[in-house]
$ cat coords12.txt   # compact mmCIF, C-alpha atoms and all ligand atoms
# COMPACT_ATOMS: atom_id res chain seq x y z
CA MET A 90 10.92 8.73 19.23
CA LEU A 91 9.00 11.06 16.92
CA SER A 92 7.01 13.97 18.29
CA ILE A 93 3.73 15.13 16.78
CA GLN A 94 4.18 16.46 13.22
CA ARG A 95 0.83 18.21 12.75
CA LYS A 96 2.44 21.52 11.73
CA LYS A 97 3.64 19.93 8.53
CA PHE A 98 0.00 19.44 7.46
CA SER A 99 -2.93 21.80 6.97
CA LEU A 100 -5.63 19.81 8.77
CA PRO A 101 -8.27 22.03 10.43
CA LYS A 102 -7.97 22.20 14.24
CA ASP A 103 -11.47 20.98 14.95
CA VAL A 104 -11.17 17.81 12.84
CA THR A 105 -9.91 14.56 14.33
CA TYR A 106 -8.55 12.75 11.30
CA LEU A 107 -7.95 9.07 12.07
CA ASN A 108 -8.37 7.91 8.51
CA CYS A 109 -5.03 7.69 6.69
CA ALA A 110 -6.08 4.24 5.44
CA TYR A 111 -8.72 6.10 3.40
CA MET A 112 -6.42 8.85 2.16
CA SER A 113 -3.50 10.71 3.73
CA PRO A 114 -3.77 14.46 4.14
CA LEU A 115 -1.31 16.43 2.03
CA LEU A 116 1.97 17.52 3.56
CA LYS A 117 2.51 21.27 3.01
CA GLU A 118 5.79 20.49 1.28
CA VAL A 119 4.05 18.07 -1.08
CA GLU A 120 1.37 20.66 -1.81
CA ASN A 121 4.09 23.17 -2.76
CA LYS A 122 5.71 20.69 -5.13
CA GLY A 123 2.34 20.12 -6.80
CA ILE A 124 1.80 23.84 -7.30
CA GLU A 125 5.32 24.21 -8.73
CA GLY A 126 4.56 21.33 -11.08
CA ILE A 127 1.36 22.97 -12.33
CA LYS A 128 3.16 26.28 -12.86
CA LEU A 129 5.90 24.62 -14.84
CA LYS A 130 3.44 23.93 -17.64
CA LYS A 131 3.06 27.70 -18.12
CA ASN A 132 6.61 27.69 -19.46
CA PRO A 133 7.17 24.41 -21.26
CA PHE A 134 10.50 25.67 -22.64
CA LEU A 135 11.83 25.04 -19.12
CA LEU A 136 11.29 21.31 -19.62
CA SER A 137 14.31 19.69 -21.23
CA PRO A 138 14.52 16.09 -22.45
CA SER A 139 16.41 15.25 -19.26
CA SER A 140 13.41 16.45 -17.19
CA PHE A 141 11.56 13.38 -18.45
CA PHE A 142 14.13 11.08 -16.82
CA GLU A 143 15.87 12.73 -13.89
CA ASP A 144 12.91 13.31 -11.61
CA SER A 145 11.59 9.79 -12.19
CA GLN A 146 15.01 8.47 -11.23
CA LYS A 147 15.00 10.52 -8.01
CA LEU A 148 11.60 9.06 -7.19
CA ARG A 149 12.82 5.50 -7.80
CA LEU A 150 15.80 6.12 -5.53
CA GLU A 151 13.59 7.40 -2.72
CA PHE A 152 11.26 4.39 -2.94
CA ALA A 153 14.22 1.98 -3.20
CA LYS A 154 15.53 3.48 0.05
CA LEU A 155 12.15 3.08 1.73
CA ILE A 156 11.86 -0.63 0.90
CA ASN A 157 15.58 -1.32 1.28
CA ILE A 158 16.77 -2.32 -2.15
CA ARG A 159 19.95 -1.22 -3.85
CA ASP A 160 18.90 -1.23 -7.47
CA PRO A 161 16.40 1.52 -8.38
CA SER A 162 15.82 -0.03 -11.80
CA ARG A 163 13.69 -2.63 -9.99
CA ILE A 164 11.15 0.10 -9.31
CA ALA A 165 8.32 1.02 -11.68
CA ILE A 166 6.10 4.09 -11.52
CA ILE A 167 2.46 3.04 -11.73
CA PRO A 168 -0.83 4.97 -11.62
CA SER A 169 -2.66 2.64 -9.20
CA ALA A 170 -2.33 -0.61 -7.33
CA SER A 171 -4.61 -2.26 -9.88
CA TYR A 172 -2.19 -1.32 -12.68
CA GLY A 173 0.76 -2.96 -10.88
CA LEU A 174 -1.29 -6.06 -10.12
CA ALA A 175 -2.40 -6.23 -13.76
CA VAL A 176 1.29 -6.35 -14.74
CA VAL A 177 1.77 -9.29 -12.37
CA ALA A 178 -1.33 -11.08 -13.70
CA ALA A 179 -0.21 -10.56 -17.31
CA ASN A 180 3.10 -12.28 -16.56
CA ALA A 181 2.09 -15.02 -14.12
CA ARG A 182 2.23 -18.36 -15.90
CA MET A 183 -0.78 -20.31 -14.72
CA ASN A 184 -2.69 -23.37 -15.88
CA ARG A 185 -5.58 -25.53 -14.75
CA ALA A 186 -3.39 -27.65 -12.47
CA HIS A 187 -2.33 -24.55 -10.54
CA LYS A 188 -3.71 -22.72 -7.54
CA MET A 189 -3.59 -19.10 -6.40
CA VAL A 190 -4.14 -18.14 -2.75
CA VAL A 191 -5.62 -14.91 -1.41
CA ALA A 192 -6.97 -13.84 1.98
CA GLY A 193 -10.69 -13.43 2.61
CA GLU A 194 -12.29 -10.06 1.86
CA GLN A 195 -9.12 -8.68 0.37
CA PHE A 196 -9.31 -5.29 -1.37
CA PRO A 197 -10.95 -5.81 -4.81
CA SER A 198 -7.94 -4.47 -6.78
CA ASN A 199 -6.04 -7.47 -5.37
CA VAL A 200 -8.79 -10.00 -6.14
CA TYR A 201 -10.27 -9.18 -9.56
CA PRO A 202 -6.96 -9.77 -11.41
CA TRP A 203 -6.78 -13.29 -9.93
CA MET A 204 -10.45 -13.95 -10.68
CA ARG A 205 -9.77 -13.09 -14.31
CA LEU A 206 -6.55 -15.09 -14.42
CA SER A 207 -8.41 -18.02 -12.91
CA ALA A 208 -11.18 -17.75 -15.52
CA GLU A 209 -8.66 -17.46 -18.37
CA SER A 210 -6.19 -20.14 -17.28
CA GLY A 211 -8.39 -22.59 -15.40
CA ALA A 212 -6.25 -22.20 -12.25
CA THR A 213 -8.10 -22.47 -8.94
CA LEU A 214 -8.47 -19.37 -6.80
CA LYS A 215 -8.44 -20.30 -3.14
CA THR A 216 -9.66 -17.73 -0.61
CA VAL A 217 -8.59 -18.22 2.99
CA SER A 218 -10.93 -16.49 5.41
CA PRO A 219 -10.50 -16.13 9.16
CA PHE A 220 -12.68 -18.17 11.52
CA ALA A 221 -15.66 -16.34 12.98
CA ASP A 222 -14.34 -17.08 16.48
CA LEU A 223 -12.32 -14.06 17.54
CA LYS A 224 -9.98 -15.89 19.92
CA ASP A 225 -6.46 -15.98 18.42
CA ARG A 226 -8.05 -14.86 15.16
CA GLY A 227 -4.90 -13.39 13.55
CA LYS A 228 -2.66 -16.27 14.61
CA ILE A 229 -5.05 -18.94 13.32
CA TRP A 230 -5.73 -17.03 10.09
CA ASN A 231 -1.98 -16.95 9.40
CA GLN A 232 -1.69 -20.68 10.09
CA ARG A 233 -4.58 -21.40 7.73
CA ILE A 234 -2.92 -19.38 4.96
CA LEU A 235 0.29 -21.39 5.39
CA GLU A 236 -1.70 -24.64 5.29
CA ALA A 237 -3.46 -23.57 2.07
CA ILE A 238 -0.13 -23.25 0.25
CA ASP A 239 0.77 -26.58 -1.32
CA LYS A 240 2.70 -27.92 -4.30
CA SER A 241 0.03 -26.81 -6.76
CA THR A 242 0.23 -23.20 -5.51
CA LYS A 243 1.87 -20.89 -8.01
CA LEU A 244 0.90 -17.50 -6.60
CA VAL A 245 0.03 -16.03 -3.21
CA ALA A 246 -1.32 -12.46 -3.23
CA LEU A 247 -1.74 -10.68 0.09
CA GLY A 248 -1.36 -7.40 1.89
CA HIS A 249 1.14 -7.02 4.71
CA VAL A 250 -1.89 -6.01 6.79
CA HIS A 251 -5.52 -6.63 5.93
CA TRP A 252 -6.99 -3.40 4.56
CA ALA A 253 -10.19 -3.56 6.60
CA ASP A 254 -8.96 -4.41 10.10
CA GLY A 255 -5.17 -4.29 10.08
CA THR A 256 -4.58 -8.02 10.71
CA LYS A 257 -0.90 -8.57 10.08
CA PHE A 258 0.27 -11.40 7.85
CA ASP A 259 3.54 -13.09 8.68
CA LEU A 260 5.23 -12.49 5.36
CA LEU A 261 8.54 -14.08 6.37
CA GLU A 262 6.85 -17.41 7.12
CA ILE A 263 4.63 -17.15 4.06
CA ARG A 264 7.67 -16.39 1.91
CA LYS A 265 9.45 -19.43 3.30
CA ARG A 266 6.49 -21.65 2.41
CA THR A 267 6.01 -20.12 -1.07
CA LYS A 268 9.70 -20.72 -1.81
CA GLU A 269 9.38 -24.36 -0.73
CA VAL A 270 6.59 -24.91 -3.26
CA GLY A 271 7.82 -22.51 -5.96
CA ALA A 272 4.98 -19.97 -5.75
CA LEU A 273 5.18 -16.25 -6.49
CA LEU A 274 4.61 -13.95 -3.51
CA VAL A 275 2.80 -10.77 -4.54
CA ILE A 276 2.31 -8.12 -1.89
CA ASP A 277 -0.16 -5.27 -2.08
CA GLY A 278 1.63 -2.79 0.17
CA THR A 279 -0.94 -0.02 -0.26
CA GLN A 280 -2.10 -0.22 3.36
CA SER A 281 1.28 -0.66 4.96
CA VAL A 282 4.39 0.47 3.08
CA GLY A 283 5.40 3.88 4.40
CA ALA A 284 4.00 3.30 7.89
CA LEU A 285 5.05 -0.28 8.58
CA PRO A 286 8.67 -1.27 7.85
CA PHE A 287 8.99 -3.40 4.74
CA ASP A 288 12.43 -4.84 4.09
CA THR A 289 12.46 -6.19 0.56
CA SER A 290 15.85 -7.81 1.03
CA LYS A 291 14.41 -9.90 3.89
CA ILE A 292 10.89 -10.61 2.67
CA GLN A 293 12.01 -11.07 -0.94
CA PRO A 294 8.60 -10.70 -2.56
CA ASP A 295 8.34 -11.30 -6.30
CA ALA A 296 6.35 -8.11 -6.59
CA LEU A 297 5.43 -5.33 -4.19
CA ILE A 298 2.67 -3.04 -5.41
CA CYS A 299 1.68 0.18 -3.63
CA GLY A 300 -0.95 2.80 -4.34
CA GLY A 301 0.61 6.13 -3.36
CA TYR A 302 -2.13 8.21 -1.77
CA LYS A 303 -2.38 6.54 1.61
CA TRP A 304 0.70 5.61 3.65
CA LEU A 305 3.14 6.87 1.00
CA MET A 306 1.45 10.27 1.48
CA GLY A 307 1.54 11.10 -2.20
CA PRO A 308 -1.14 12.54 -4.49
CA TYR A 309 -3.89 10.42 -6.06
CA SER A 310 -3.10 8.52 -9.30
CA ILE A 311 0.54 7.66 -8.71
CA GLY A 312 1.94 4.58 -7.01
CA MET A 313 5.14 2.59 -6.79
CA ALA A 314 6.01 -1.01 -7.57
CA TYR A 315 8.96 -3.31 -7.11
CA PHE A 316 9.40 -6.25 -9.49
CA GLY A 317 11.83 -9.08 -8.77
CA ASP A 318 13.77 -11.45 -11.06
CA TYR A 319 10.69 -13.32 -12.30
CA PHE A 320 9.60 -10.18 -14.16
CA GLU A 321 13.01 -9.40 -15.65
CA ASP A 322 12.01 -10.22 -19.24
CA GLY A 323 8.26 -9.87 -18.83
CA LYS A 324 5.59 -8.26 -20.92
CA PRO A 325 4.33 -4.77 -20.01
CA ILE A 326 0.57 -4.16 -20.32
CA GLU A 327 1.12 -1.19 -22.64
CA GLU A 328 3.85 -0.17 -25.04
CA ASN A 329 5.05 3.38 -24.59
CA TRP A 330 7.99 5.19 -26.11
CA ILE A 331 9.84 6.14 -22.94
CA ASN A 332 10.11 2.54 -21.75
CA ARG A 333 12.17 1.56 -24.78
CA LYS A 334 15.95 1.58 -24.99
CA PHE A 335 17.55 4.91 -26.01
CA SER A 336 14.35 6.89 -25.38
CA GLU A 337 16.61 9.57 -23.84
CA ASP A 338 17.55 10.53 -27.39
CA PHE A 339 14.55 12.53 -28.56
CA THR A 340 15.98 12.92 -32.04
CA SER A 341 15.95 9.17 -32.73
CA LEU A 342 12.63 8.00 -31.29
CA VAL A 343 11.53 6.59 -34.63
CA ASN A 344 14.53 4.29 -34.72
CA TYR A 345 12.12 1.82 -33.18
CA GLN A 346 13.76 -0.40 -30.62
CA ASP A 347 13.02 -4.02 -29.75
CA GLU A 348 14.60 -3.70 -26.34
CA TYR A 349 13.18 -2.03 -23.25
CA GLN A 350 14.87 0.14 -20.65
CA PRO A 351 16.57 -2.03 -17.99
CA GLY A 352 14.86 -3.90 -15.16
CA ALA A 353 11.35 -2.92 -14.19
CA LEU A 354 11.32 0.32 -16.20
CA ARG A 355 9.39 -1.50 -18.92
CA TYR A 356 6.44 -1.56 -16.51
CA ASP A 357 6.30 2.20 -16.01
CA VAL A 358 2.93 3.67 -16.97
CA GLY A 359 2.79 5.88 -20.08
CA GLU A 360 3.62 9.52 -19.25
CA ARG A 361 5.29 8.33 -16.08
CA SER A 362 7.34 11.56 -15.95
CA ASN A 363 4.19 13.43 -14.79
CA PHE A 364 5.66 16.80 -13.79
CA ILE A 365 3.10 17.40 -11.06
CA LEU A 366 2.72 13.96 -9.47
CA VAL A 367 6.35 12.78 -9.57
CA PRO A 368 7.87 15.69 -7.58
CA MET A 369 4.95 15.45 -5.11
CA MET A 370 5.47 11.73 -4.57
CA THR A 371 9.22 12.24 -4.24
CA ALA A 372 8.80 14.93 -1.57
CA ALA A 373 6.37 12.69 0.34
CA LEU A 374 8.78 9.74 0.28
CA LYS A 375 11.68 11.97 1.34
CA GLN A 376 9.70 12.99 4.40
CA ILE A 377 8.76 9.39 5.19
CA ASN A 378 12.38 8.29 4.80
CA GLN A 379 13.33 11.03 7.23
CA TRP A 380 10.73 9.96 9.77
CA LYS A 381 11.32 6.23 9.04
CA PRO A 382 8.46 3.71 9.06
CA GLU A 383 9.62 2.09 12.32
CA ASN A 384 9.31 5.46 14.07
CA ILE A 385 5.88 6.08 12.52
CA GLN A 386 4.81 2.64 13.75
CA GLY A 387 6.23 3.39 17.21
CA TYR A 388 4.51 6.77 17.33
CA CYS A 389 1.13 5.30 16.34
CA ALA A 390 1.55 2.56 18.98
CA SER A 391 2.38 5.10 21.68
CA ILE A 392 -0.63 7.37 21.05
CA SER A 393 -3.13 4.53 20.69
CA GLU A 394 -2.05 2.18 23.48
CA LYS A 395 -4.24 3.62 26.25
CA ALA A 396 -7.25 4.06 23.97
CA ILE A 397 -7.03 0.44 22.87
CA GLN A 398 -6.89 -0.79 26.46
CA LYS A 399 -9.94 1.30 27.35
CA LEU A 400 -11.90 0.03 24.36
CA ILE A 401 -11.05 -3.61 25.12
CA HIS A 402 -12.06 -3.01 28.73
CA ALA A 403 -15.38 -1.59 27.51
CA GLY A 404 -16.12 -4.76 25.52
CA PHE A 405 -14.87 -3.77 22.05
CA TRP A 406 -12.72 -6.29 20.20
CA ILE A 407 -9.35 -5.40 18.69
CA GLU A 408 -6.87 -7.88 17.21
CA ASP A 409 -3.97 -9.03 19.43
CA HIS A 410 -1.06 -6.62 19.58
CA ASP A 411 1.28 -8.99 17.71
CA PHE A 412 -1.14 -9.63 14.85
CA ARG A 413 -2.08 -6.12 13.82
CA GLY A 414 -0.57 -2.89 12.59
CA HIS A 415 -0.35 0.05 14.98
CA HIS A 416 -1.15 2.43 12.13
CA LEU A 417 -4.34 0.58 11.15
CA PHE A 418 -6.63 -1.46 13.35
CA GLY A 419 -10.23 -2.54 13.37
CA VAL A 420 -12.51 -1.99 16.34
CA ARG A 421 -15.51 -4.32 16.58
CA LEU A 422 -18.50 -3.18 18.54
CA PRO A 423 -19.82 -5.13 21.49
CA SER A 424 -23.17 -6.72 20.69
CA GLY A 425 -26.16 -4.43 21.13
CA LEU A 426 -24.38 -1.22 20.08
CA ASP A 427 -26.02 0.57 17.18
CA LEU A 428 -23.46 1.27 14.45
CA GLU A 429 -25.66 3.90 12.80
CA LYS A 430 -25.88 5.88 16.04
CA ILE A 431 -22.13 5.66 16.50
CA LYS A 432 -21.60 6.84 12.94
CA SER A 433 -23.72 9.91 13.48
CA ARG A 434 -22.04 10.69 16.83
CA LEU A 435 -18.61 10.44 15.20
CA LYS A 436 -19.75 12.76 12.42
CA LYS A 437 -21.15 15.27 14.89
CA ASN A 438 -17.83 15.28 16.74
CA LYS A 439 -15.89 15.63 13.47
CA ILE A 440 -14.01 12.38 13.98
CA SER A 441 -13.07 10.79 10.69
CA VAL A 442 -12.64 6.99 10.64
CA SER A 443 -13.83 4.36 8.14
CA PHE A 444 -16.43 1.66 8.43
CA ARG A 445 -15.45 -1.62 6.83
CA GLY A 446 -17.81 -4.56 7.22
CA ASN A 447 -18.60 -4.89 10.88
CA SER A 448 -15.62 -3.00 12.17
CA ILE A 449 -14.58 0.60 12.56
CA ARG A 450 -11.20 1.14 10.94
CA VAL A 451 -8.93 3.48 12.88
CA ALA A 452 -5.82 4.72 11.09
CA PRO A 453 -3.67 7.27 12.95
CA HIS A 454 -0.49 8.95 11.78
CA VAL A 455 2.09 11.43 13.01
CA TYR A 456 -0.33 14.39 12.82
CA ASN A 457 -2.50 12.72 15.48
CA SER A 458 -2.11 12.98 19.24
CA GLU A 459 -3.14 10.80 22.15
CA ASP A 460 -5.99 13.28 22.66
CA ASP A 461 -7.43 12.37 19.26
CA LEU A 462 -7.74 8.74 20.34
CA THR A 463 -9.15 9.76 23.73
CA LYS A 464 -11.86 11.68 21.84
CA LEU A 465 -12.63 8.60 19.79
CA VAL A 466 -12.90 6.41 22.90
CA LYS A 467 -15.26 8.94 24.53
CA VAL A 468 -17.61 8.86 21.57
CA LEU A 469 -17.49 5.07 21.22
CA THR A 470 -18.09 4.44 24.91
CA ALA A 471 -20.56 7.26 25.58
C1 LIG A 501 -5.30 -2.79 0.16
C2 LIG A 501 -5.64 -1.79 -0.90
N1 LIG A 501 -5.09 -1.93 -2.11
C3 LIG A 501 -5.34 -1.06 -3.08
C4 LIG A 501 -6.18 0.02 -2.89
C5 LIG A 501 -6.41 0.99 -4.01
O1 LIG A 501 -6.42 0.32 -5.23
P1 LIG A 501 -6.28 1.11 -6.60
O2 LIG A 501 -4.99 1.83 -6.55
O3 LIG A 501 -6.33 0.03 -7.61
O4 LIG A 501 -7.44 2.04 -6.68
C6 LIG A 501 -6.79 0.20 -1.64
C7 LIG A 501 -7.73 1.30 -1.41
O5 LIG A 501 -8.41 1.39 -0.42
C8 LIG A 501 -6.50 -0.74 -0.63
O6 LIG A 501 -7.03 -0.62 0.59
$ encode --input "coords12.txt" --output "structure tokens" --more "lines below"
Ligand SMILES: Cc1ncc(COP(=O)(O)O)c(C=O)c1O
Amino acid sequence: MLSIQRKKFSLPKDVTYLNCAYMSPLLKEVENKGIEGIKLKKNPFLLSPSSFFEDSQKLRLEFAKLINIRDPSRIAIIPSASYGLAVVAANARMNRAHKMVVAGEQFPSNVYPWMRLSAESGATLKTVSPFADLKDRGKIWNQRILEAIDKSTKLVALGHVHWADGTKFDLLEIRKRTKEVGALLVIDGTQSVGALPFDTSKIQPDALICGGYKWLMGPYSIGMAYFGDYFEDGKPIEENWINRKFSEDFTSLVNYQDEYQPGALRYDVGERSNFILVPMMTAALKQINQWKPENIQGYCASISEKAIQKLIHAGFWIEDHDFRGHHLFGVRLPSGLDLEKIKSRLKKNKISVSFRGNSIRVAPHVYNSEDDLTKLVKVLTA
């Protein structure tokens, strides 16, 4: 069991930060790597051709470890979740007889690509929303998603948890169903990978796309993606020099190559060797691999358990234990409570959470303590 890790961060003492789903605070170690990266540019002679490749490879290895795959060449370095999803959309073969399935009120970066693909190909975009009735909400929502997947379905794009309220989607069952009908399974792991175990060898998604600045604890503007077999010979959304075969040989770059680097490396963003962001992201993933997502999940469950019971007792609604993440959960107010008043009380008490639709999104991590959640309960129930 993990103990509190607050000393590894620089969060001010008087701030209760329960908002990793918005943006993770920077680990001190990651901050140091960023500063080293900035300083390196003072002396560019220290950068050798191999610097463009070796650090990116270390980063791929660290992410491959996190999501349990053997082959790091399946991993691409991307600048944002939307970039990774654009790669998927550019390669998904869709026509007017086909259907794509998404969950209701999904994060826009995982909806707009499918809206465009639908407009361009004529494929139907089916959105599966939860029922308004809160009883067994997560369980029924999952069932409805499974029922929406039929023989015409060619792509299902989901998170592992819903970004706004942490509802967990049963990816193993959904994978089973998508395989039966021959649909791609595309996972936006931005709100889960790093804090919730994701075993690629078990879930076998066709693509897993993660923004890096939340649960991967990296800096802004770098993310990680896994691409499966379907994308083996696909088309990148840009053509940059380093993604082509033999780019390691700086003297022969104008011997233009038809072939790409192996696997998913063709999908790396231009200037993927970013000497500031790559070492920062690598240090963050190293730390997460040391902690391990299952321990982070266990820690978040242990510090939030009592608070959740108290809130439920006080009339707030929180998704069933089995159908939500412990690192991210939505708290719905009982009727009659004034959200604006609660917002200002939270602000006054320096408690940082997010407001998404009609729920308060609480997102703890290993720098939080049980006391932080007790403070939150006090303000919510005052
Ligand atoms: C589920 C999810 N996906 C993606 C993102 C970020 O998308 P992008 O990297 O395209 O800015 C967020 C940000 O809140 C998110 O919650």
$ closest_residue --input "coords12.txt" --among "A:Leu223, A:Ala181, A:Leu366, A:Ala284" --to "Ile124 in chain A" --atoms "only C-alpha atoms"
A:Leu366
$ residues_near_ligand --input "coords12.txt" --ligand "ligand LIG 501 (chain A)" --cutoff "6 Å" --atoms "all atoms listed in the file" --output "ChimeraX atom specification"
/A:169-171,196,198,252,277,279-280,300
$ atom_distance --input "coords12.txt" --atom1 "CA of Pro294 in chain A" --atom2 "CA of Leu273 in chain A"
7.6 Å
$ residues_around --input "coords12.txt" --residues "Ala178 in chain A" --least-positions-apart "4" --cutoff "8 Å" --atoms "all atoms listed in the file" --output "list in words"
Leu174, Pro202, Trp203 and Leu206 of chain A
$ closest_residue --input "coords12.txt" --among "A:Glu143, A:Asp239, A:Asp288, A:Glu269" --to "Glu383 in chain A" --atoms "all atoms listed in the file"
A:Asp288
$ residues_near_point --input "coords12.txt" --point "(-9.2, -22.1, -21.1)" --cutoff "9 Å" --atoms "all atoms listed in the file" --output "count of residues only"
6
$ residues_around --input "coords12.txt" --residues "range 144-156 of chain A" --least-positions-apart "2" --cutoff "6 Å" --atoms "only C-alpha atoms" --output "PyMOL selection string"
chain A and resi 142+158+161+164+287-289+362+371
$ residues_around --input "coords12.txt" --residues "Pro351 in chain A" --least-positions-apart "4" --cutoff "8 Å" --atoms "all atoms listed in the file" --output "ChimeraX atom specification"
/A:162,334,355
$ residues_around --input "coords12.txt" --residues "Gly193 in chain A" --least-positions-apart "6" --cutoff "12 Å" --atoms "all atoms listed in the file" --output "VMD selection string"
chain A and resid 199 to 200 214 to 221 230 to 231 233 to 234 246 to 248 251 to 254 256
$ build_atoms --input "coords12.txt" --residues "range 311-326 of chain A" --atoms "N, CA and C atoms" --output "PDB file, in the frame of the given file"
ATOM      1  N   ILE A 311      -0.843   8.112  -8.514  1.00  0.00           N
ATOM      2  CA  ILE A 311       0.540   7.660  -8.710  1.00  0.00           C
ATOM      3  C   ILE A 311       0.848   6.651  -7.614  1.00  0.00           C
ATOM      4  N   GLY A 312       1.548   5.594  -7.982  1.00  0.00           N
ATOM      5  CA  GLY A 312       1.940   4.580  -7.010  1.00  0.00           C
ATOM      6  C   GLY A 312       3.291   4.023  -7.392  1.00  0.00           C
ATOM      7  N   MET A 313       3.801   3.109  -6.587  1.00  0.00           N
ATOM      8  CA  MET A 313       5.140   2.590  -6.790  1.00  0.00           C
ATOM      9  C   MET A 313       5.114   1.062  -6.745  1.00  0.00           C
ATOM     10  N   ALA A 314       5.964   0.457  -7.563  1.00  0.00           N
ATOM     11  CA  ALA A 314       6.010  -1.010  -7.570  1.00  0.00           C
ATOM     12  C   ALA A 314       7.448  -1.491  -7.635  1.00  0.00           C
ATOM     13  N   TYR A 315       7.671  -2.621  -7.002  1.00  0.00           N
ATOM     14  CA  TYR A 315       8.960  -3.310  -7.110  1.00  0.00           C
ATOM     15  C   TYR A 315       8.695  -4.633  -7.826  1.00  0.00           C
ATOM     16  N   PHE A 316       9.522  -4.960  -8.806  1.00  0.00           N
ATOM     17  CA  PHE A 316       9.400  -6.250  -9.490  1.00  0.00           C
ATOM     18  C   PHE A 316      10.722  -7.011  -9.374  1.00  0.00           C
ATOM     19  N   GLY A 317      10.642  -8.242  -8.948  1.00  0.00           N
ATOM     20  CA  GLY A 317      11.830  -9.080  -8.770  1.00  0.00           C
ATOM     21  C   GLY A 317      12.243  -9.795 -10.066  1.00  0.00           C
ATOM     22  N   ASP A 318      13.170 -10.735  -9.920  1.00  0.00           N
ATOM     23  CA  ASP A 318      13.770 -11.450 -11.060  1.00  0.00           C
ATOM     24  C   ASP A 318      12.756 -12.063 -12.020  1.00  0.00           C
ATOM     25  N   TYR A 319      11.690 -12.608 -11.466  1.00  0.00           N
ATOM     26  CA  TYR A 319      10.690 -13.320 -12.300  1.00  0.00           C
ATOM     27  C   TYR A 319      10.202 -12.427 -13.435  1.00  0.00           C
ATOM     28  N   PHE A 320      10.192 -11.101 -13.185  1.00  0.00           N
ATOM     29  CA  PHE A 320       9.600 -10.180 -14.160  1.00  0.00           C
ATOM     30  C   PHE A 320      10.645  -9.532 -15.076  1.00  0.00           C
ATOM     31  N   GLU A 321      11.879 -10.007 -14.942  1.00  0.00           N
ATOM     32  CA  GLU A 321      13.010  -9.400 -15.650  1.00  0.00           C
ATOM     33  C   GLU A 321      12.759  -9.242 -17.157  1.00  0.00           C
ATOM     34  N   ASP A 322      12.230 -10.295 -17.783  1.00  0.00           N
ATOM     35  CA  ASP A 322      12.010 -10.220 -19.240  1.00  0.00           C
ATOM     36  C   ASP A 322      10.530 -10.243 -19.586  1.00  0.00           C
ATOM     37  N   GLY A 323       9.714  -9.748 -18.650  1.00  0.00           N
ATOM     38  CA  GLY A 323       8.260  -9.870 -18.830  1.00  0.00           C
ATOM     39  C   GLY A 323       7.663  -8.905 -19.834  1.00  0.00           C
ATOM     40  N   LYS A 324       6.332  -9.017 -19.922  1.00  0.00           N
ATOM     41  CA  LYS A 324       5.590  -8.260 -20.920  1.00  0.00           C
ATOM     42  C   LYS A 324       4.834  -7.125 -20.228  1.00  0.00           C
ATOM     43  N   PRO A 325       5.112  -5.864 -20.612  1.00  0.00           N
ATOM     44  CA  PRO A 325       4.330  -4.770 -20.010  1.00  0.00           C
ATOM     45  C   PRO A 325       2.882  -4.810 -20.520  1.00  0.00           C
ATOM     46  N   ILE A 326       1.965  -4.129 -19.854  1.00  0.00           N
ATOM     47  CA  ILE A 326       0.570  -4.160 -20.320  1.00  0.00           C
ATOM     48  C   ILE A 326       0.286  -3.039 -21.318  1.00  0.00           C
TER      49      ILE A 326
END
